[in-house]
>>> print(open('work.csv').read())   # CSV, C-alpha atoms
chain,number,residue,atom,x,y,z
C,1,MET,CA,5.0,-39.5,-25.2
C,2,SER,CA,4.4,-37.6,-22.0
C,3,ILE,CA,7.7,-39.0,-20.6
C,4,VAL,CA,9.6,-37.4,-23.5
C,5,PHE,CA,7.7,-34.1,-23.0
C,6,THR,CA,8.4,-34.0,-19.3
C,7,HIS,CA,12.1,-34.8,-19.9
C,8,CYS,CA,12.4,-32.0,-22.5
C,9,SER,CA,10.4,-29.4,-20.7
C,10,ILE,CA,12.1,-26.4,-19.1
C,11,ASP,CA,12.3,-26.3,-15.3
C,12,ARG,CA,11.0,-22.9,-14.5
C,13,THR,CA,11.5,-23.2,-10.8
C,14,ILE,CA,13.0,-20.1,-9.3
C,15,GLN,CA,14.5,-20.5,-5.8
C,16,ASN,CA,14.5,-17.8,-3.2
C,17,LEU,CA,17.8,-16.2,-2.4
C,18,SER,CA,19.9,-17.8,0.3
C,19,GLN,CA,21.2,-15.8,3.3
C,20,SER,CA,24.6,-15.6,1.7
C,21,GLU,CA,23.1,-14.5,-1.6
C,22,ILE,CA,21.2,-11.8,0.2
C,23,GLN,CA,24.5,-10.5,1.6
C,24,VAL,CA,26.1,-10.5,-1.9
C,25,LEU,CA,23.0,-8.7,-3.3
C,26,ARG,CA,23.4,-6.1,-0.6
C,27,THR,CA,27.0,-5.5,-1.7
C,28,PHE,CA,25.9,-4.9,-5.3
C,29,LYS,CA,23.1,-2.6,-4.2
C,30,ASN,CA,25.6,-0.6,-2.2
C,31,LEU,CA,27.9,0.1,-5.1
C,32,ASP,CA,28.5,3.8,-5.9
C,33,ASN,CA,25.8,5.2,-8.2
C,34,ALA,CA,28.4,5.4,-11.0
C,35,HIS,CA,28.3,1.6,-11.2
C,36,LYS,CA,24.5,1.2,-11.0
C,37,LEU,CA,22.2,1.4,-14.0
C,38,GLN,CA,18.4,1.6,-14.2
C,39,ILE,CA,17.4,0.5,-17.7
C,40,SER,CA,13.7,0.4,-17.4
C,41,GLY,CA,11.4,2.9,-15.8
C,42,LEU,CA,9.5,2.1,-12.6
C,43,ASN,CA,6.2,1.8,-14.6
C,44,GLU,CA,7.6,-0.5,-17.3
C,45,PRO,CA,5.4,-3.6,-17.6
C,46,GLY,CA,7.1,-6.9,-16.8
C,47,GLN,CA,8.8,-8.7,-13.9
C,48,LYS,CA,11.5,-6.8,-12.1
C,49,LEU,CA,15.0,-8.1,-12.8
C,50,TRP,CA,18.2,-7.2,-11.0
C,51,LEU,CA,21.6,-8.2,-12.5
C,52,CYS,CA,24.6,-8.5,-10.3
C,53,LEU,CA,27.4,-8.7,-12.9
C,54,THR,CA,31.1,-9.0,-12.7
C,55,PHE,CA,33.3,-8.7,-15.8
C,56,ILE,CA,36.7,-10.4,-15.9
C,57,SER,CA,39.3,-11.1,-18.6
C,58,LYS,CA,39.0,-14.7,-19.9
C,59,GLU,CA,42.7,-15.0,-20.3
C,60,THR,CA,44.0,-13.4,-17.1
C,61,LYS,CA,40.9,-13.7,-14.8
C,62,ASN,CA,41.6,-10.1,-13.8
C,63,PRO,CA,38.6,-7.8,-13.3
C,64,LEU,CA,37.7,-5.3,-16.0
C,65,VAL,CA,38.3,-2.1,-14.0
C,66,TYR,CA,36.3,1.0,-14.9
C,67,GLU,CA,35.3,-0.5,-18.3
C,68,GLU,CA,32.3,0.8,-20.3
C,69,ILE,CA,29.5,-1.7,-20.6
C,70,SER,CA,26.4,-1.3,-22.7
C,71,LEU,CA,23.3,-3.4,-22.3
C,72,TYR,CA,20.0,-3.6,-24.3
C,73,HIS,CA,17.1,-5.9,-24.6
C,74,THR,CA,13.5,-6.3,-25.6
C,75,SER,CA,10.4,-5.3,-23.7
C,76,SER,CA,8.3,-7.9,-21.9
C,77,ASP,CA,6.5,-8.3,-25.2
C,78,GLY,CA,9.7,-9.3,-27.0
C,79,GLU,CA,9.9,-6.0,-28.9
C,80,TYR,CA,13.2,-4.0,-29.2
C,81,GLU,CA,11.4,-0.9,-30.4
C,82,GLN,CA,14.8,0.5,-31.6
C,83,LYS,CA,15.2,4.1,-32.7
C,84,ASN,CA,17.2,3.0,-35.7
C,85,PRO,CA,15.2,0.1,-37.3
C,86,ASN,CA,18.5,-1.4,-38.6
C,87,ASP,CA,20.3,-1.4,-35.3
C,88,GLU,CA,19.1,-3.5,-32.3
C,89,SER,CA,21.5,-1.7,-30.0
C,90,THR,CA,19.3,1.4,-30.3
C,91,ALA,CA,16.5,-0.6,-28.4
C,92,ARG,CA,14.3,1.5,-26.2
C,93,LEU,CA,15.5,-0.5,-23.2
C,94,ASN,CA,19.2,0.2,-23.1
C,95,GLY,CA,21.9,1.8,-21.0
C,96,THR,CA,25.7,2.3,-20.6
C,97,ILE,CA,27.7,2.1,-17.4
C,98,LYS,CA,31.2,1.7,-16.1
C,99,THR,CA,32.4,-1.2,-13.9
C,100,ASP,CA,33.9,-0.5,-10.5
C,101,ASN,CA,37.4,-1.4,-9.3
C,102,LYS,CA,36.4,-5.0,-9.0
C,103,GLY,CA,34.7,-5.3,-12.4
C,104,ARG,CA,31.2,-5.1,-10.9
C,105,ILE,CA,27.9,-3.4,-12.0
C,106,PHE,CA,24.4,-3.5,-10.6
C,107,VAL,CA,21.6,-3.3,-13.2
C,108,GLN,CA,17.9,-2.8,-12.6
C,109,THR,CA,15.5,-3.7,-15.4
C,110,ILE,CA,12.8,-6.1,-16.4
C,111,LEU,CA,12.9,-9.7,-17.6
C,112,PRO,CA,13.0,-9.5,-21.5
C,113,GLY,CA,10.3,-11.2,-23.5
C,114,ASP,CA,10.8,-13.9,-26.0
C,115,TYR,CA,12.1,-12.5,-29.3
C,116,GLY,CA,10.4,-13.0,-32.7
C,117,SER,CA,8.5,-16.2,-33.3
C,118,SER,CA,10.7,-18.4,-31.1
C,119,ALA,CA,9.9,-19.4,-27.5
C,120,ASP,CA,12.3,-19.5,-24.6
C,121,ASN,CA,15.0,-17.2,-26.1
C,122,ARG,CA,14.9,-14.4,-23.6
C,123,HIS,CA,18.3,-12.6,-23.4
C,124,ILE,CA,20.1,-9.4,-22.7
C,125,HIS,CA,22.8,-8.1,-25.1
C,126,THR,CA,26.0,-6.8,-23.5
C,127,THR,CA,28.8,-5.1,-25.2
C,128,VAL,CA,32.3,-4.5,-23.7
C,129,GLN,CA,34.1,-1.6,-25.4
C,130,ASN,CA,37.7,-2.9,-25.2
C,131,ALA,CA,37.1,-6.6,-25.8
C,132,GLN,CA,37.4,-8.5,-29.1
C,133,PRO,CA,34.7,-9.5,-29.9
C,134,VAL,CA,32.7,-6.8,-28.1
C,135,ALA,CA,29.3,-8.7,-28.0
C,136,TYR,CA,28.2,-11.0,-25.2
C,137,ASP,CA,24.7,-12.2,-24.4
C,138,ILE,CA,23.1,-13.2,-21.1
C,139,HIS,CA,20.4,-15.9,-21.3
C,140,PHE,CA,18.2,-17.2,-18.5
C,141,LYS,CA,18.2,-20.8,-17.5
C,142,GLN,CA,14.5,-20.9,-16.6
C,143,TYR,CA,13.6,-19.3,-20.0
C,144,THR,CA,16.0,-21.2,-22.4
C,145,GLY,CA,15.1,-24.4,-24.2
C,146,GLN,CA,17.5,-27.3,-24.7
C,147,MET,CA,18.6,-26.2,-28.1
C,148,GLY,CA,19.5,-22.8,-26.7
C,149,LYS,CA,21.4,-24.4,-23.8
C,150,ASN,CA,23.3,-26.6,-26.3
C,151,PHE,CA,24.2,-23.5,-28.3
C,152,ILE,CA,25.3,-21.5,-25.2
C,153,ASN,CA,27.5,-24.4,-23.9
C,154,GLN,CA,29.4,-24.3,-27.2
C,155,SER,CA,29.9,-20.5,-27.2
C,156,ASP,CA,32.2,-18.3,-25.1
C,157,GLN,CA,30.1,-15.2,-25.9
C,158,HIS,CA,26.8,-16.5,-24.4
C,159,PHE,CA,26.2,-17.0,-20.7
C,160,LEU,CA,23.4,-18.9,-18.9
C,161,ALA,CA,22.2,-17.1,-15.8
C,162,ASN,CA,20.3,-18.9,-13.1
C,163,LEU,CA,17.5,-16.8,-11.8
C,164,LYS,CA,16.7,-16.4,-8.0
C,165,GLN,CA,14.1,-14.3,-6.4
C,166,THR,CA,13.6,-12.0,-3.4
C,167,GLU,CA,10.6,-12.3,-1.1
C,168,ASP,CA,8.7,-9.7,-3.3
C,169,GLU,CA,9.5,-11.9,-6.4
C,170,THR,CA,12.1,-9.5,-7.9
C,171,LEU,CA,14.3,-11.7,-10.1
C,172,ILE,CA,18.0,-11.7,-9.3
C,173,THR,CA,21.0,-13.2,-11.0
C,174,PHE,CA,24.7,-13.3,-10.1
C,175,LEU,CA,26.9,-13.8,-13.1
C,176,THR,CA,30.6,-13.5,-14.0
C,177,LEU,CA,31.2,-12.8,-17.6
C,178,GLU,CA,34.6,-13.8,-19.0
C,179,VAL,CA,35.4,-11.4,-21.8
C,180,LYS,CA,37.9,-12.3,-24.6
C,181,ASN,CA,41.0,-10.5,-25.8
C,182,TYR,CA,40.5,-7.5,-23.4
C,183,GLN,CA,42.8,-4.6,-24.0
C,184,LYS,CA,42.3,-1.5,-21.9
C,185,THR,CA,43.1,1.6,-23.9
C,186,GLU,CA,42.7,4.2,-21.2
C,187,THR,CA,45.1,4.7,-18.3
C,188,PHE,CA,43.9,3.9,-14.8
C,189,SER,CA,44.8,7.5,-13.6
C,190,SER,CA,42.2,9.0,-16.0
C,191,HIS,CA,39.4,7.9,-13.7
C,192,ASN,CA,38.3,9.8,-10.7
C,193,ASN,CA,37.0,6.7,-8.8
>>> encode(input="work.csv", output="structure tokens")
Amino acid sequence: MSIVFTHCSIDRTIQNLSQSEIQVLRTFKNLDNAHKLQISGLNEPGQKLWLCLTFISKETKNPLVYEEISLYHTSSDGEYEQKNPNDESTARLNGTIKTDNKGRIFVQTILPGDYGSSADNRHIHTTVQNAQPVAYDIHFKQYTGQMGKNFINQSDQHFLANLKQTEDETLITFLTLEVKNYQKTETFSSHNN
């Protein structure tokens, strides 16, 4: 029986960043402030998490340039604590930002907690204004069970992020999200970037 348990258990190993990943992280940290978002306050309980995200069109593979992205998730206790009880997107931990000219954003927050009565279902909700559908979720490999991984593998709206860590144990993930049916409604010239 222990062989089955070991086989089904989640590998929670989180590797340190490689030298090349440290360079990529530096690039994201150096984005203009317009493309950086701090979702949680510095005193928010939980493990620090930095998301280095790139948004591209699933069909064309082109970056989503100056696109509005919203993110929200639970506290480390798995609570959304939303302002509107019927709308999870009003969660206490939320924010909106625009991508840069390469489709990138840098997000500082905390690792979400497990939601509801399920274990190993930590995720961050992401919405892309000009995509169809607008909703995409980021799950974490080290905190996702096999059933969750099977579901994610069969979905093109859910992404599995591999967590790495810095020397001070800040969690980092680098992820490209392929967004479906993207149609930009604004003109490029309307942006000051």
>>> atom_distance(input="work.csv", atom1="atom CA of Leu49 of chain C", atom2="atom CA of Tyr66 of chain C")
23.3 Å
>>> closest_residue(input="work.csv", among="C:Asn101, C:Thr126, C:Asn162, C:Gln47", to="Ser70 of chain C", atoms="only C-alpha atoms")
C:Thr126
>>> atom_distance(input="work.csv", atom1="atom CA of Ile39 of chain C", atom2="atom CA of Ile124 of chain C")
11.4 Å
>>> residues_near_point(input="work.csv", point="(38.9, -5.7, -26.7)", cutoff="10 Å", atoms="all atoms listed in the file", output="mmCIF file with C-alpha atoms, in the frame of the given file")
data_model
loop_
_atom_site.group_PDB
_atom_site.id
_atom_site.type_symbol
_atom_site.label_atom_id
_atom_site.label_comp_id
_atom_site.auth_asym_id
_atom_site.auth_seq_id
_atom_site.Cartn_x
_atom_site.Cartn_y
_atom_site.Cartn_z
ATOM 1 C CA SER C 57 39.300 -11.100 -18.600
ATOM 2 C CA VAL C 128 32.300 -4.500 -23.700
ATOM 3 C CA GLN C 129 34.100 -1.600 -25.400
ATOM 4 C CA ASN C 130 37.700 -2.900 -25.200
ATOM 5 C CA ALA C 131 37.100 -6.600 -25.800
ATOM 6 C CA GLN C 132 37.400 -8.500 -29.100
ATOM 7 C CA PRO C 133 34.700 -9.500 -29.900
ATOM 8 C CA VAL C 134 32.700 -6.800 -28.100
ATOM 9 C CA VAL C 179 35.400 -11.400 -21.800
ATOM 10 C CA LYS C 180 37.900 -12.300 -24.600
ATOM 11 C CA ASN C 181 41.000 -10.500 -25.800
ATOM 12 C CA TYR C 182 40.500 -7.500 -23.400
ATOM 13 C CA GLN C 183 42.800 -4.600 -24.000
ATOM 14 C CA LYS C 184 42.300 -1.500 -21.900
ATOM 15 C CA THR C 185 43.100 1.600 -23.900
#
>>> residues_around(input="work.csv", residues="His35 of chain C", least_positions_apart="2", cutoff="6 Å", atoms="all atoms listed in the file", output="PyMOL selection string")
chain C and resi 32-33+98-99+105
>>> residues_around(input="work.csv", residues="Phe159 of chain C", least_positions_apart="6", cutoff="9 Å", atoms="all atoms listed in the file", output="VMD selection string")
chain C and resid 136 to 140 152 to 153 175 to 177
>>> residues_around(input="work.csv", residues="Thr144 of chain C", least_positions_apart="4", cutoff="9 Å", atoms="all atoms listed in the file", output="PyMOL selection string")
chain C and resi 10+119-123+139-140+148-149+160
>>> closest_residue(input="work.csv", among="C:Thr127, C:Gln108, C:Thr173, C:Thr60", to="Ser89 of chain C", atoms="only C-alpha atoms")
C:Thr127
>>> residues_around(input="work.csv", residues="Leu64 of chain C", least_positions_apart="4", cutoff="6 Å", atoms="all atoms listed in the file", output="JSON, numbers by chain")
{"C": [55, 56, 103]}
>>> atom_distance(input="work.csv", atom1="atom CA of Thr96 of chain C", atom2="atom CA of Ile69 of chain C")
5.5 Å
>>> closest_residue(input="work.csv", among="C:Lys48, C:Arg92, C:Arg26, C:His158", to="Thr109 of chain C", atoms="only C-alpha atoms")
C:Lys48
>>> closest_residue(input="work.csv", among="C:Asp11, C:Asp100, C:Glu67, C:Glu21", to="Gln165 of chain C", atoms="only C-alpha atoms")
C:Glu21
>>> closest_residue(input="work.csv", among="C:Phe106, C:Tyr115, C:Trp50, C:Phe28", to="Ser76 of chain C", atoms="all atoms listed in the file")
C:Tyr115
>>> closest_residue(input="work.csv", among="C:Ile97, C:Pro45, C:Gly78, C:Ala91", to="Val65 of chain C", atoms="all atoms listed in the file")
C:Ile97
